[in-house]
Structures are given as structure tokens and as C-alpha cells.
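Asks: Pasting a structure below so you can have a look.
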Amino acid sequence: MTRPIRHTLPPDALDDTDRAIINQLQDGFPITEHPFAEAAQTLSIGEADLIERIRRLRDIGAITRFGPFYDAAAMGGAFCLCAMEVPAEKFDDVTTLVNAHPEVAHNYERNHRLNMWFVLATETPDGIRRCARRIEKETGLRVLLFPKEHEFFIGFRVQA
């Protein structure tokens with residue numbers, strides 16, 4: 001498996017409506033019976049158009065995901081930042097093994113001795129160690145755990 005290469009989008013990849021969607025939906029999504037219809041109305045477009053545009057924004061890489069972020073700890077679960085030192089020649093194979101776990105929220109390659117970083121999200125706090133040990137057994141590599149000590153809300157927004 002080859003890692004996807006990210007490219008900067010050409011200047012004309014997003015139109016004004018795409019930019020409005022990105023800017024508006026970062027601040028929340030309606031929790032109603034018909035959320036896409038309500039969000040589309042505030043953007044002055046149709047519901048089907050909004051859904052298709054979000055799909056296209058994902059397909060072209062303008063956004064990497066569209067969905068909620070849950071507070072796992074508030075629901076009795078846990079999050080943990082993890083790191084591994086993965087030999088370059090095994091990186092793609094290890095990525096495939098790690099990402100096959102539904103507990104892996106996201107995974108990043110870094111230019112560092114600890115070159116693979118990912119987040120585990122589990123239903124219970126002890127699920128973190130169990131999943132990390134499964135990954136170690138499958139890969140033959142150590143998983144370092146960096147549990148959250150403090151919660152920070154930075155309100156990060158990107159203006160499109």
C-alpha cells in the first residue's frame with residue numbers, strides 16, 4: 001500500500017459556495033431531523049447539492065473528514081496519543097496494520113525517529129492498552145503511549 005501524497009489544490013478548485021460551506025460548517029452542524037436541508041438553506045443551496053459538494057470536497061482533498069468529534073472520556077471511554085518507530089521499508093505495511101484497528105482515529109507520518117503517530121479512541125480506558133498491545137503483537141514494534149494530562153480547547157478554524 002502506498003501512502004497518499006498530498007498536493008496543494010489549484011486556485012480554481014473551490015468556488016465561492018465551496019468556501020462558504022467550509023467556513024460555515026466548521027462552526028457547527030444542525031442537530032435536527034433534516035440537518036443537511038437546514039444547513040443547505042442557510043447557504044442558499046439545495047440539500048442534494050450540499051451533500052454532493054461535501055462529497056466532492058472530500059474526494060479532492062479539500063477536507064479530510066466530515067463528521068462529529070465525540071468526547072470519549074465524557075462517555076466513559078478514552079483517547080491516547082501513540083507513537084512508534086517504524087523502519088522505512090516497513091512503514092506502508094505497518095500503516096495498513098495499525099489503520100485496520102477501528103480504535104485508530106487518525107494516523108500521521110512524521111520526520112522524526114518516532115515517525116508514526118496515531119490516536120486511539122476506545123470505549124473504556126483499559127481498551128487503550130489492550131489495543132496498543134494488539135498492535136505491538138501484529139507489528140513486532142513497540143507502541144509508546146502519551147495519555148492526555150490536560151484538556152485544551154483551541155477553537156481552531158481555517159478560513160477557506
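Ordered as shown in the C-alpha cells, chains take letters A, B, and onward, while each chain numbers its residues from 1 and ligands are numbered from 1 in the order shown.
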Among chain A, which ones does DSSP assign to strand (DSSP E or B) (computed from the backbone)? Answer as a list in words.

Replies: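 In chain A, DSSP puts these residues in strand (DSSP E or B): Ala78, Phe79, Cys80, Leu81, Cys82, Ala83, Met84, Val104, Ala105, His106, Asn107, Tyr108, Glu109, Met116, Trp117, Phe118, Val119, Leu120, Ala121, Thr122, Leu144, Leu145, Phe146 and Pro147 of chain A.
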
Asks: Quick one: residues within 7 Å of stretch 125-130 of chain A, only C-alpha atoms, excluding same-chain residues fewer than 6 positions away - as a list in words?

Replies: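 Counting only C-alpha atoms, the residues come to Gly77, Ala78 and Cys80 of chain A.
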
Asks: Give me the residues within 12 Å of stretch 40-57 of chain A as a PyMOL selection string, counting only C-alpha atoms and dropping any in the same chain fewer than 4 places off.

Replies: chain A and resi 9+13-25+29-30+34-36+61-67+160

Asks: Could you pull out the residues in chain A that DSSP calls helix (DSSP H, G or I) from the backbone, as a VMD selection string?

Replies: chain A and resid 16 to 25 35 to 43 47 to 59 73 to 75 88 to 99 126 to 139

Asks: Quick one: distance from atom CA of A:Ile135 to atom CA of A:Arg58 in Å, one decimal?

Replies: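 Pair atom CA of A:Ile135 / atom CA of A:Arg58 returns 28.3 Å.
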
Asks: Residues near A:Phe118, anyone? I mean within 10 Å using only C-alpha atoms, not counting same-chain ones fewer than 6 positions away, as an mmCIF file with N, CA, C and O atoms, in the first residue's frame.

Replies:
```cif
data_model
loop_
_atom_site.group_PDB
_atom_site.id
_atom_site.type_symbol
_atom_site.label_atom_id
_atom_site.label_comp_id
_atom_site.auth_asym_id
_atom_site.auth_seq_id
_atom_site.Cartn_x
_atom_site.Cartn_y
_atom_site.Cartn_z
ATOM 1 N N CYS A 80 -5.915 8.406 23.453
ATOM 2 C CA CYS A 80 -4.498 8.405 23.785
ATOM 3 C C CYS A 80 -3.683 8.637 22.517
ATOM 4 O O CYS A 80 -3.920 7.986 21.495
ATOM 5 N N LEU A 81 -2.744 9.558 22.586
ATOM 6 C CA LEU A 81 -1.790 9.772 21.512
ATOM 7 C C LEU A 81 -0.728 8.682 21.619
ATOM 8 O O LEU A 81 -0.243 8.378 22.718
ATOM 9 N N CYS A 82 -0.393 8.082 20.482
ATOM 10 C CA CYS A 82 0.573 6.987 20.457
ATOM 11 C C CYS A 82 1.639 7.270 19.407
ATOM 12 O O CYS A 82 1.376 7.974 18.433
ATOM 13 N N ALA A 83 2.816 6.704 19.614
ATOM 14 C CA ALA A 83 3.897 6.862 18.646
ATOM 15 C C ALA A 83 4.643 5.547 18.498
ATOM 16 O O ALA A 83 4.709 4.742 19.428
ATOM 17 N N MET A 84 5.211 5.370 17.301
ATOM 18 C CA MET A 84 6.012 4.180 17.014
ATOM 19 C C MET A 84 7.223 4.587 16.196
ATOM 20 O O MET A 84 7.175 5.547 15.427
ATOM 21 N N THR A 95 1.484 0.747 8.566
ATOM 22 C CA THR A 95 0.342 1.659 8.451
ATOM 23 C C THR A 95 -0.938 0.877 8.200
ATOM 24 O O THR A 95 -1.972 1.134 8.822
ATOM 25 N N VAL A 98 -1.929 -0.950 11.478
ATOM 26 C CA VAL A 98 -2.406 -0.020 12.507
ATOM 27 C C VAL A 98 -3.782 0.525 12.129
ATOM 28 O O VAL A 98 -4.723 0.527 12.929
ATOM 29 N N ASN A 99 -3.925 0.974 10.892
ATOM 30 C CA ASN A 99 -5.184 1.597 10.467
ATOM 31 C C ASN A 99 -6.340 0.607 10.363
ATOM 32 O O ASN A 99 -7.496 1.016 10.289
ATOM 33 N N VAL A 104 -8.316 3.251 15.906
ATOM 34 C CA VAL A 104 -7.378 4.268 15.412
ATOM 35 C C VAL A 104 -8.170 5.397 14.772
ATOM 36 O O VAL A 104 -8.833 5.220 13.750
ATOM 37 N N ALA A 105 -8.113 6.569 15.430
ATOM 38 C CA ALA A 105 -8.872 7.725 14.952
ATOM 39 C C ALA A 105 -8.189 8.386 13.759
ATOM 40 O O ALA A 105 -8.842 8.784 12.813
ATOM 41 N N HIS A 106 -6.887 8.545 13.802
ATOM 42 C CA HIS A 106 -6.125 9.084 12.684
ATOM 43 C C HIS A 106 -4.657 8.742 12.889
ATOM 44 O O HIS A 106 -4.237 8.418 13.984
ATOM 45 N N ASN A 107 -3.891 8.828 11.805
ATOM 46 C CA ASN A 107 -2.520 8.352 11.800
ATOM 47 C C ASN A 107 -1.693 9.307 10.946
ATOM 48 O O ASN A 107 -2.106 9.663 9.844
ATOM 49 N N TYR A 108 -0.547 9.728 11.459
ATOM 50 C CA TYR A 108 0.305 10.688 10.756
ATOM 51 C C TYR A 108 1.739 10.194 10.688
ATOM 52 O O TYR A 108 2.254 9.654 11.665
ATOM 53 N N GLU A 109 2.386 10.430 9.555
ATOM 54 C CA GLU A 109 3.813 10.166 9.431
ATOM 55 C C GLU A 109 4.566 11.445 9.789
ATOM 56 O O GLU A 109 4.177 12.536 9.381
ATOM 57 N N VAL A 143 4.696 0.264 20.918
ATOM 58 C CA VAL A 143 3.783 1.406 20.849
ATOM 59 C C VAL A 143 3.977 2.218 22.124
ATOM 60 O O VAL A 143 3.780 1.703 23.228
ATOM 61 N N LEU A 145 2.783 5.169 24.573
ATOM 62 C CA LEU A 145 1.514 5.807 24.913
ATOM 63 C C LEU A 145 1.764 7.164 25.564
ATOM 64 O O LEU A 145 2.584 7.270 26.483
#
```
